[in-house]
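See below for coords-v5.cif, which holds mmCIF, C-alpha atoms and all ligand atoms.
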data_protein
loop_
_atom_site.label_atom_id
_atom_site.label_comp_id
_atom_site.auth_asym_id
_atom_site.auth_seq_id
_atom_site.Cartn_x
_atom_site.Cartn_y
_atom_site.Cartn_z
CA MET A 6 0.00 0.00 0.00
CA LYS A 7 0.94 3.66 -0.34
CA ALA A 8 0.53 5.93 2.67
CA LYS A 9 1.48 9.46 3.56
CA ILE A 10 2.67 9.93 7.13
CA ALA A 11 3.24 13.37 8.66
CA VAL A 12 6.11 13.36 11.17
CA LEU A 13 5.94 16.01 13.89
CA ALA A 14 8.98 15.26 16.04
CA GLY A 15 8.72 18.38 18.23
CA ASP A 16 11.06 19.13 21.12
CA GLY A 17 13.37 17.52 23.66
CA ILE A 18 13.40 13.73 23.31
CA GLY A 19 10.59 13.99 20.72
CA PRO A 20 12.98 13.85 17.74
CA GLU A 21 15.15 11.18 19.43
CA VAL A 22 12.32 8.67 19.90
CA THR A 23 10.43 9.58 16.72
CA THR A 24 13.52 8.83 14.61
CA GLN A 25 13.46 5.26 15.93
CA ALA A 26 9.72 4.87 15.32
CA GLN A 27 10.13 6.15 11.77
CA ARG A 28 13.02 3.70 11.16
CA VAL A 29 10.79 0.82 12.25
CA LEU A 30 8.03 1.97 9.89
CA GLN A 31 10.58 2.13 7.07
CA VAL A 32 11.68 -1.45 7.75
CA ILE A 33 8.03 -2.49 7.60
CA ALA A 34 7.64 -0.64 4.28
CA ASP A 35 10.80 -2.27 2.84
CA ASN A 36 9.87 -5.79 3.91
CA TRP A 37 6.18 -5.75 3.13
CA ASP A 38 6.43 -3.81 -0.11
CA HIS A 39 4.62 -0.72 1.08
CA THR A 40 5.48 2.87 0.22
CA PHE A 41 5.38 5.21 3.18
CA GLU A 42 5.95 8.81 2.21
CA PHE A 43 7.13 10.71 5.30
CA GLU A 44 6.74 14.48 5.51
CA ASP A 45 8.34 16.39 8.40
CA ALA A 46 6.50 19.37 9.84
CA LEU A 47 7.16 21.85 12.62
CA VAL A 48 5.30 21.83 15.93
CA GLY A 49 5.73 23.07 19.51
CA GLY A 50 8.79 24.99 20.68
CA ALA A 51 10.69 24.20 17.49
CA ALA A 52 7.88 25.83 15.50
CA ILE A 53 7.79 28.86 17.82
CA ASP A 54 11.53 29.33 17.27
CA ALA A 55 11.25 28.90 13.50
CA VAL A 56 8.08 30.80 12.66
CA GLY A 57 6.61 32.17 15.93
CA ASP A 58 3.63 29.78 15.94
CA PRO A 59 3.46 26.37 17.76
CA LEU A 60 1.17 25.00 15.03
CA PRO A 61 1.83 26.72 11.71
CA ASP A 62 -1.00 26.47 9.15
CA SER A 63 1.33 24.52 6.87
CA THR A 64 1.74 21.83 9.59
CA LEU A 65 -2.00 21.40 10.06
CA LYS A 66 -2.44 21.24 6.28
CA THR A 67 0.28 18.57 5.99
CA CYS A 68 -1.41 16.53 8.75
CA ARG A 69 -4.87 16.83 7.21
CA GLU A 70 -3.50 15.70 3.85
CA SER A 71 -1.80 12.66 5.42
CA ASP A 72 -3.13 9.22 6.27
CA ALA A 73 -1.68 9.44 9.77
CA VAL A 74 0.44 11.65 12.00
CA LEU A 75 3.42 10.42 13.99
CA PHE A 76 4.03 12.83 16.85
CA GLY A 77 6.97 13.05 19.28
CA ALA A 78 6.58 15.51 22.16
CA ILE A 79 6.57 19.24 22.71
CA GLY A 80 7.68 21.70 25.34
CA GLY A 81 10.68 22.42 27.53
CA PRO A 82 12.21 24.98 29.89
CA LYS A 83 13.20 27.26 27.02
CA TRP A 84 9.52 28.10 26.42
CA ASP A 85 8.32 27.87 30.03
CA ASP A 86 8.01 31.57 30.87
CA PRO A 87 4.69 31.70 32.84
CA ASN A 88 3.89 35.03 31.20
CA ALA A 89 4.44 33.80 27.67
CA LYS A 90 1.36 34.21 25.46
CA ILE A 91 2.59 31.66 22.93
CA ARG A 92 3.40 28.22 24.33
CA PRO A 93 4.39 24.84 22.82
CA GLU A 94 1.40 23.02 24.38
CA GLN A 95 -0.98 25.21 22.37
CA GLY A 96 0.43 23.57 19.24
CA LEU A 97 -0.52 20.09 20.44
CA LEU A 98 -3.94 21.15 21.72
CA ARG A 99 -4.75 22.95 18.46
CA LEU A 100 -3.55 19.95 16.47
CA ARG A 101 -5.82 17.58 18.42
CA ARG A 102 -8.77 19.92 17.88
CA GLY A 103 -7.79 20.62 14.28
CA LEU A 104 -7.88 16.89 13.49
CA ASP A 105 -10.92 16.35 15.75
CA ALA A 106 -8.87 13.59 17.36
CA PHE A 107 -11.26 13.19 20.27
CA ALA A 108 -10.64 9.55 21.21
CA ASN A 109 -7.30 9.02 22.88
CA ILE A 110 -6.62 5.32 23.40
CA ARG A 111 -3.88 4.54 25.92
CA PRO A 112 -3.24 0.83 26.49
CA VAL A 113 -1.31 -0.32 29.55
CA LYS A 114 0.14 -3.81 29.76
CA PRO A 115 3.15 -4.58 31.95
CA HIS A 116 5.77 -6.87 30.41
CA PRO A 117 6.25 -9.96 32.62
CA ASP A 118 10.04 -9.60 32.49
CA LEU A 119 9.79 -6.16 34.09
CA LEU A 120 7.58 -7.15 37.01
CA GLU A 121 10.32 -8.02 39.47
CA ALA A 122 11.97 -4.60 39.09
CA ALA A 123 8.66 -2.73 39.28
CA PRO A 124 7.99 -0.36 42.17
CA LEU A 125 4.72 -2.23 42.88
CA LYS A 126 4.59 -5.79 44.12
CA ALA A 127 4.85 -8.13 41.14
CA ASP A 128 1.74 -10.11 42.14
CA ARG A 129 -0.36 -6.94 41.92
CA LEU A 130 0.80 -6.44 38.34
CA GLU A 131 0.00 -9.94 37.14
CA ASN A 132 -2.89 -9.93 34.66
CA VAL A 133 -2.87 -6.15 34.32
CA ASP A 134 -4.06 -5.38 30.79
CA LEU A 135 -6.14 -2.24 30.60
CA VAL A 136 -7.04 0.54 28.21
CA VAL A 137 -7.75 4.12 29.16
CA VAL A 138 -10.04 5.86 26.68
CA ARG A 139 -9.51 9.56 27.29
CA GLU A 140 -11.66 12.32 25.84
CA LEU A 141 -9.11 14.56 24.11
CA THR A 142 -10.72 17.63 22.57
CA GLY A 143 -12.89 19.01 25.37
CA GLY A 144 -12.82 19.80 29.05
CA ILE A 145 -10.66 22.17 31.03
CA TYR A 146 -7.69 22.17 28.62
CA PHE A 147 -9.90 23.83 26.03
CA GLY A 148 -12.06 26.09 28.20
CA LYS A 149 -11.91 29.86 28.39
CA LYS A 150 -8.93 31.05 30.44
CA THR A 151 -8.55 34.33 32.30
CA ARG A 152 -5.72 35.72 34.39
CA ASP A 153 -5.37 38.95 36.32
CA ALA A 154 -2.61 39.81 38.75
CA ASP A 155 -4.39 38.10 41.66
CA ARG A 156 -6.93 35.74 40.05
CA ALA A 157 -7.04 33.15 37.30
CA THR A 158 -9.73 30.86 35.88
CA ASP A 159 -9.93 27.81 33.60
CA GLU A 160 -13.38 26.83 32.44
CA CYS A 161 -14.31 23.15 32.17
CA ALA A 162 -17.16 22.45 29.77
CA TYR A 163 -18.59 19.29 28.22
CA SER A 164 -21.57 18.87 25.91
CA VAL A 165 -23.76 15.76 25.63
CA PRO A 166 -22.57 14.94 22.06
CA GLU A 167 -18.94 15.18 23.18
CA ILE A 168 -19.58 12.70 25.99
CA GLU A 169 -21.73 10.39 23.85
CA ARG A 170 -19.11 9.93 21.18
CA ILE A 171 -16.25 9.07 23.52
CA VAL A 172 -18.43 6.69 25.54
CA ARG A 173 -19.40 4.90 22.31
CA VAL A 174 -15.73 4.43 21.40
CA ALA A 175 -14.95 3.07 24.86
CA ALA A 176 -18.04 0.82 24.89
CA ARG A 177 -17.08 -0.72 21.55
CA ILE A 178 -13.60 -1.47 22.89
CA ALA A 179 -15.08 -2.90 26.10
CA ALA A 180 -17.54 -5.05 24.15
CA ASP A 181 -14.60 -6.52 22.19
CA ARG A 182 -12.75 -7.28 25.43
CA SER A 183 -14.28 -8.39 28.74
CA GLY A 184 -17.45 -6.28 28.50
CA GLN A 185 -16.47 -4.32 31.60
CA LEU A 186 -16.33 -0.51 31.41
CA THR A 187 -15.31 1.81 34.23
CA SER A 188 -16.31 5.45 33.87
CA VAL A 189 -14.17 7.78 35.98
CA ASP A 190 -15.53 11.17 37.01
CA LYS A 191 -15.91 13.50 39.96
CA ALA A 192 -19.71 13.52 40.01
CA ASN A 193 -19.88 14.23 43.74
CA VAL A 194 -18.52 17.74 43.04
CA LEU A 195 -18.48 18.74 39.38
CA GLU A 196 -21.49 19.53 37.15
CA THR A 197 -19.53 18.39 34.09
CA SER A 198 -19.07 15.03 35.81
CA ARG A 199 -22.78 14.76 36.66
CA LEU A 200 -23.61 15.30 32.99
CA TRP A 201 -20.85 12.80 32.11
CA ARG A 202 -22.32 10.17 34.43
CA ALA A 203 -25.93 10.59 33.29
CA THR A 204 -24.95 10.54 29.62
CA THR A 205 -22.70 7.51 30.05
CA GLU A 206 -25.48 5.60 31.80
CA ARG A 207 -27.98 6.38 29.06
CA VAL A 208 -25.65 5.49 26.18
CA ILE A 209 -24.67 2.18 27.73
CA ARG A 210 -28.26 1.30 28.73
CA ASP A 211 -29.73 2.14 25.30
CA GLU A 212 -26.94 1.09 22.95
CA PHE A 213 -24.61 -1.38 24.69
CA PRO A 214 -26.67 -3.78 26.83
CA GLN A 215 -23.77 -6.26 26.72
CA VAL A 216 -21.45 -3.81 28.51
CA ARG A 217 -21.28 -3.75 32.34
CA LEU A 218 -20.79 -0.16 33.48
CA GLU A 219 -19.44 0.98 36.82
CA HIS A 220 -18.67 4.52 38.00
CA VAL A 221 -15.63 5.35 40.09
CA LEU A 222 -14.70 8.78 41.43
CA VAL A 223 -11.34 9.93 40.13
CA ASP A 224 -9.63 10.19 43.50
CA ALA A 225 -10.60 6.63 44.37
CA ALA A 226 -9.67 5.49 40.85
CA ALA A 227 -6.18 6.91 41.36
CA MET A 228 -5.84 4.71 44.44
CA HIS A 229 -7.39 1.56 42.92
CA LEU A 230 -5.09 1.86 39.92
CA LEU A 231 -2.13 1.16 42.19
CA GLN A 232 -3.92 -1.05 44.70
CA LYS A 233 -5.80 -3.42 42.37
CA PRO A 234 -4.85 -2.55 38.78
CA ALA A 235 -5.88 -5.96 37.42
CA ALA A 236 -9.50 -5.16 38.35
CA PHE A 237 -9.71 -2.63 35.48
CA ASP A 238 -10.29 -3.47 31.84
CA VAL A 239 -11.53 -0.40 29.94
CA ILE A 240 -11.62 3.01 31.60
CA VAL A 241 -13.38 5.96 29.99
CA THR A 242 -12.80 9.42 31.33
CA GLU A 243 -12.55 13.10 30.53
CA ASN A 244 -9.50 14.92 29.27
CA MET A 245 -7.59 15.99 32.37
CA PHE A 246 -8.43 12.93 34.50
CA GLY A 247 -7.24 10.69 31.65
CA ASP A 248 -4.03 12.65 31.31
CA ILE A 249 -3.19 12.31 34.99
CA LEU A 250 -4.33 8.70 35.43
CA THR A 251 -2.27 7.48 32.49
CA ASP A 252 0.95 9.02 33.80
CA GLU A 253 0.12 7.16 37.00
CA ALA A 254 -0.57 3.99 35.01
CA SER A 255 2.88 4.20 33.44
CA VAL A 256 4.19 3.09 36.83
CA LEU A 257 2.36 -0.21 36.26
CA ALA A 258 4.17 -0.74 32.97
CA GLY A 259 7.51 0.32 34.44
CA SER A 260 8.17 3.59 32.62
CA MET A 261 6.66 6.54 30.82
CA GLY A 262 8.77 5.33 27.94
CA LEU A 263 6.54 2.29 27.44
CA LEU A 264 3.06 3.73 26.96
CA PRO A 265 1.90 4.51 23.42
CA SER A 266 -1.30 6.18 22.31
CA ALA A 267 -3.62 6.63 19.36
CA SER A 268 -5.87 9.66 19.04
CA LEU A 269 -8.68 8.97 16.63
CA SER A 270 -11.41 10.99 14.96
CA ASP A 271 -14.54 9.77 13.19
CA ASP A 272 -12.80 10.40 9.89
CA GLY A 273 -9.50 11.95 8.96
CA PRO A 274 -5.99 10.97 9.99
CA GLY A 275 -5.18 9.45 13.36
CA LEU A 276 -2.55 11.04 15.59
CA TYR A 277 -0.03 8.68 17.23
CA GLU A 278 2.20 9.73 20.11
CA PRO A 279 3.87 8.31 23.18
CA ILE A 280 2.08 9.49 26.31
CA HIS A 281 5.24 11.06 27.70
CA GLY A 282 6.45 14.61 27.25
CA SER A 283 9.72 16.05 25.99
CA ALA A 284 11.68 14.89 29.10
CA PRO A 285 14.07 17.86 29.30
CA ASP A 286 15.99 16.12 32.09
CA ILE A 287 17.33 13.52 29.65
CA ALA A 288 16.95 15.32 26.28
CA GLY A 289 20.11 15.30 24.17
CA LEU A 290 21.71 12.42 26.09
CA GLY A 291 20.54 9.76 23.63
CA ILE A 292 19.17 7.58 26.43
CA ALA A 293 15.40 8.07 26.04
CA ASN A 294 13.31 4.91 25.77
CA PRO A 295 11.95 4.74 22.19
CA TYR A 296 9.54 1.82 22.78
CA ALA A 297 6.50 4.02 23.50
CA ALA A 298 7.10 5.87 20.22
CA ILE A 299 7.66 2.58 18.36
CA LEU A 300 4.49 1.09 19.86
CA SER A 301 2.65 4.27 18.81
CA ALA A 302 3.88 3.57 15.28
CA SER A 303 2.45 0.05 15.55
CA MET A 304 -0.89 1.57 16.59
CA LEU A 305 -0.62 3.77 13.49
CA LEU A 306 -0.16 0.66 11.34
CA ARG A 307 -3.13 -1.06 12.98
CA HIS A 308 -5.64 1.77 13.33
CA SER A 309 -4.97 4.14 10.42
CA LEU A 310 -3.38 1.92 7.78
CA LYS A 311 -5.28 -1.27 8.76
CA LEU A 312 -2.01 -3.24 8.53
CA GLU A 313 -2.82 -5.69 11.31
CA GLU A 314 -0.08 -8.22 10.61
CA GLU A 315 2.60 -5.56 10.35
CA ALA A 316 1.41 -4.01 13.62
CA ASP A 317 1.61 -7.43 15.28
CA VAL A 318 5.17 -7.84 14.03
CA VAL A 319 6.26 -4.52 15.54
CA GLU A 320 4.55 -5.19 18.85
CA ARG A 321 6.01 -8.68 19.05
CA ALA A 322 9.47 -7.26 18.30
CA VAL A 323 9.24 -4.78 21.18
CA TRP A 324 7.93 -7.52 23.46
CA ARG A 325 10.87 -9.73 22.47
CA VAL A 326 13.65 -7.16 22.84
CA ILE A 327 12.41 -6.40 26.35
CA HIS A 328 12.42 -10.14 27.07
CA GLU A 329 16.00 -10.28 25.77
CA GLY A 330 17.00 -7.48 28.14
CA VAL A 331 17.48 -4.69 25.60
CA LEU A 332 16.60 -2.01 28.12
CA THR A 333 17.18 1.73 28.29
CA THR A 334 18.17 3.20 31.69
CA ASP A 335 14.59 3.93 32.75
CA LEU A 336 13.86 0.18 32.58
CA ALA A 337 17.24 -1.27 33.52
CA GLY A 338 17.74 1.00 36.53
CA GLU A 339 20.61 3.35 37.34
CA GLY A 340 24.01 1.68 37.32
CA LYS A 341 22.68 -1.46 35.55
CA ARG A 342 23.64 -2.52 32.05
CA SER A 343 21.51 -0.54 29.60
CA VAL A 344 21.40 0.44 25.94
CA ASN A 345 20.96 3.86 24.36
CA THR A 346 18.01 5.01 22.25
CA GLN A 347 19.65 4.11 18.96
CA ALA A 348 20.61 0.60 20.09
CA ALA A 349 17.08 -0.05 21.34
CA GLY A 350 15.76 1.07 17.92
CA ASP A 351 18.37 -1.11 16.16
CA ALA A 352 17.25 -4.16 18.13
CA VAL A 353 13.60 -3.67 17.16
CA CYS A 354 14.48 -2.98 13.50
CA GLU A 355 16.59 -6.12 13.34
CA ILE A 356 13.77 -8.34 14.56
CA VAL A 357 11.16 -6.63 12.38
CA ALA A 358 13.42 -7.05 9.33
CA THR A 359 13.56 -10.81 9.82
CA SER A 360 9.95 -11.32 10.93
CA THR A 361 7.11 -12.86 9.05
CA PRO A 362 3.44 -12.11 9.65
CA CYS A 363 2.40 -13.59 12.97
CA MET A 364 -1.36 -13.23 13.18
CA ASN A 365 -1.80 -16.54 14.93
CA MET A 366 1.20 -16.24 17.19
CA CYS A 367 0.33 -12.87 18.65
CA SER A 368 -2.40 -12.55 21.15
CA ARG A 369 -3.39 -10.34 24.00
CA GLU A 370 -2.36 -13.10 26.37
CA PHE A 371 1.19 -13.26 25.03
CA GLY A 372 2.50 -9.95 23.81
CA TYR A 373 1.21 -6.49 23.14
CA ARG A 374 -1.88 -6.14 20.95
CA PHE A 375 -2.63 -2.44 20.87
N1 LIG A 401 2.45 15.10 24.59
C1 LIG A 401 3.38 15.99 24.90
O1 LIG A 401 4.06 16.50 24.03
C2 LIG A 401 3.60 16.32 26.32
C3 LIG A 401 4.44 17.36 26.63
N2 LIG A 401 4.75 17.63 27.92
C4 LIG A 401 5.74 18.69 28.14
O2 LIG A 401 7.00 18.04 28.33
C5 LIG A 401 7.82 18.84 29.18
C6 LIG A 401 8.35 18.00 30.32
O3 LIG A 401 7.29 17.57 31.15
P1 LIG A 401 7.45 16.53 32.33
O4 LIG A 401 6.45 16.87 33.33
O5 LIG A 401 8.88 16.44 32.72
O6 LIG A 401 6.96 15.13 31.73
P2 LIG A 401 7.74 14.09 30.83
O7 LIG A 401 6.76 13.05 30.44
O8 LIG A 401 8.47 14.75 29.75
O9 LIG A 401 8.83 13.41 31.82
C7 LIG A 401 8.47 12.86 33.09
C8 LIG A 401 9.60 11.92 33.55
O10 LIG A 401 9.57 10.74 32.75
C9 LIG A 401 10.81 10.56 32.11
N3 LIG A 401 10.56 10.09 30.74
C10 LIG A 401 9.58 10.55 29.91
N4 LIG A 401 9.67 9.94 28.73
C11 LIG A 401 10.70 9.09 28.80
C12 LIG A 401 11.29 8.20 27.88
N5 LIG A 401 10.80 8.01 26.64
N6 LIG A 401 12.35 7.48 28.29
C13 LIG A 401 12.84 7.61 29.53
N7 LIG A 401 12.34 8.44 30.45
C14 LIG A 401 11.27 9.19 30.08
C15 LIG A 401 11.49 11.90 32.10
O11 LIG A 401 12.88 11.78 32.02
C16 LIG A 401 10.98 12.51 33.39
O12 LIG A 401 11.78 12.11 34.46
C17 LIG A 401 6.92 20.00 29.63
O13 LIG A 401 7.24 21.10 28.83
C18 LIG A 401 5.52 19.52 29.35
O14 LIG A 401 4.62 20.57 29.09
C19 LIG A 401 4.25 16.87 28.95
C20 LIG A 401 3.40 15.85 28.68
C21 LIG A 401 2.97 15.51 27.36
C1 LIG A 402 0.93 18.47 26.98
C2 LIG A 402 -0.50 18.43 27.36
C3 LIG A 402 -1.29 19.29 26.41
C4 LIG A 402 -1.18 17.12 27.44
C5 LIG A 402 -0.54 15.95 28.05
O1 LIG A 402 0.16 15.96 29.04
C6 LIG A 402 -0.87 14.67 27.44
O2 LIG A 402 -1.61 14.63 26.48
O3 LIG A 402 -0.40 13.64 27.93
MG MG A 403 0.22 13.90 29.91
#
Kindly transcribe the structure held in the file into structure tokens.
Ligand SMILES: NC(=O)C1=CN([C@@H]2O[C@H](COP(=O)(O)OP(=O)(O)OC[C@H]3O[C@@H](n4cnc5c(N)ncnc54)[C@H](O)[C@@H]3O)[C@@H](O)[C@H]2O)C=CC1
Ligand SMILES: CC(C)CC(=O)C(=O)O
Ligand SMILES: [Mg+2]
Amino acid sequence: MKAKIAVLAGDGIGPEVTTQAQRVLQVIADNWDHTFEFEDALVGGAAIDAVGDPLPDSTLKTCRESDAVLFGAIGGPKWDDPNAKIRPEQGLLRLRRGLDAFANIRPVKPHPDLLEAAPLKADRLENVDLVVVRELTGGIYFGKKTRDADRATDECAYSVPEIERIVRVAARIAADRSGQLTSVDKANVLETSRLWRATTERVIRDEFPQVRLEHVLVDAAAMHLLQKPAAFDVIVTENMFGDILTDEASVLAGSMGLLPSASLSDDGPGLYEPIHGSAPDIAGLGIANPYAAILSASMLLRHSLKLEEEADVVERAVWRVIHEGVLTTDLAGEGKRSVNTQAAGDAVCEIVATSTPCMNMCSREFGYRF
């Protein structure tokens, strides 16, 4: 197949991990006889420096004209002036809105070979395999903002159609898995959450009788996620709660550098990015973990290009290199033998280059299937 992929590497470790993800996609193209046409475009701090705008019109146009967007990360101390009117994050938020990428799918599955080194007890992590479905184009990140010298506000708003469409996405995923859906809100306090809860109940009752719905308040959910993570299957939640809970969930997997994501719209290109940020503390050192970016590329293959077998191959390759101990510092631990970003990418590329389609060998039970 022929596909056009926009590459928005961004700032900090964004370009470092995106390079590896793009290399893996190229190996897939070479081996499976596909043509992937990559087009680089500016975003975030890099775009502010180049043209004074974190999402230039030309970048949005490139993305809209592509089949999918591979995104790195944006932001960093250079652009962190609290009084700045133009900020890198605006580029990402406008991109998500501009593509109407409202459904952010963030799978979390700890690798068994990482359990012993995990900060949580290994037995708590056994059988953890969950998906957070985060609403991505509404809520407090997009509300009206005001700031005076001594007062600031951020408005949080949700409409019924916005809630309905994300709940439908989550319910379809839940129906394909265990049938269990957990909706996370703060309905004891927030009006937006009360609307969220009522709408979720109606959609599930009327349209998804096979799905079992439970509601959990976000503060309790944050605790349960660490205390009994295997009890969750599919979680649906609003924008900010999903953002925070998935950083927390990265502890289950072992690192921020392991969690990929897909942000999907009803039509138009999907946006694929690791859940982590630009990691200024390690940027430029060549030690960032590229697996989240590579797994985001596999989600791109699966969800936007419908290349299921190729996606399986990439996911199996990442699963295997972790099993073989090809670990960046975040996974290996300080002072332990580790590989750099490039070597981790090399290891995945090598396996992908010699792999054959593995539809029957890959399953949710053994390996990633994102
Ligand atoms: N999607 C995006 O582009 C996001 C951007 N940001 C921006 O990133 C900048 C830094 O934010 P932080 O709060 O530090 O969050 P962060 O996610 O960049 O980093 C948090 C911690 O995780 C580590 N980490 C993250 N990704 C890693 C990887 N691939 N390999 C190894 N270690 C990794 C970092 O070294 C750091 O210790 C800020 O400017 C923030 O606004 C934050 C979150 C998402
Ligand atoms: C950088 C923010 C806009 C969002 C964020 O932290 C995320 O999407 O994970
Ligand atoms: Mg985040």
Could you list, as a ChimeraX atom specification, all residues that come within 8 Å of ligand LIG 401 (chain A)? Count all atoms listed in the file. /A:15,17-19,22,77-82,84-85,93-94,97,252,260-263,278-288,292-298,333-335
Neighbour list for A:Glu212 as number ranges by chain, cut-off 10 Å, only C-alpha atoms, skip fewer than 4 positions in-chain: A: 173, 176, 207-208, 216
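Near A:Asp248, within 12 Å and counting all atoms listed in the file, sit Asn109, Ile110, Arg111, Val137, Val138, Arg139, Glu140, Leu141, Gly144, Ile145, Tyr146, Val223, Ala227, Val241, Thr242, Ala254, Ser255, Ser266, Ile280, His281 and Gly282 of chain A; same-chain residues fewer than 6 positions away were not included.
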Tell me, as a list in words, which residues lie within 6 Å of A:Phe76, counting all atoms listed in the file; anything in the same chain fewer than 2 positions away does not count.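 Contacts, in chain order: Leu13, Ala14, Tyr277 and Glu278 of chain A.
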Got a sec: who's within 12 Å of stretch 311-318 of chain A, counting only C-alpha atoms, leaving out chain neighbours fewer than 5 positions off, as a VMD selection string? chain A and resid 6 to 8 29 to 39 72 to 73 275 299 to 306 323 to 325 353 to 369 371 to 375
Provide the atom CA of A:Thr24 to atom CA of A:Leu75 distance in Å, to one decimal place.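 Computing it gives 10.2 Å between the two atoms.
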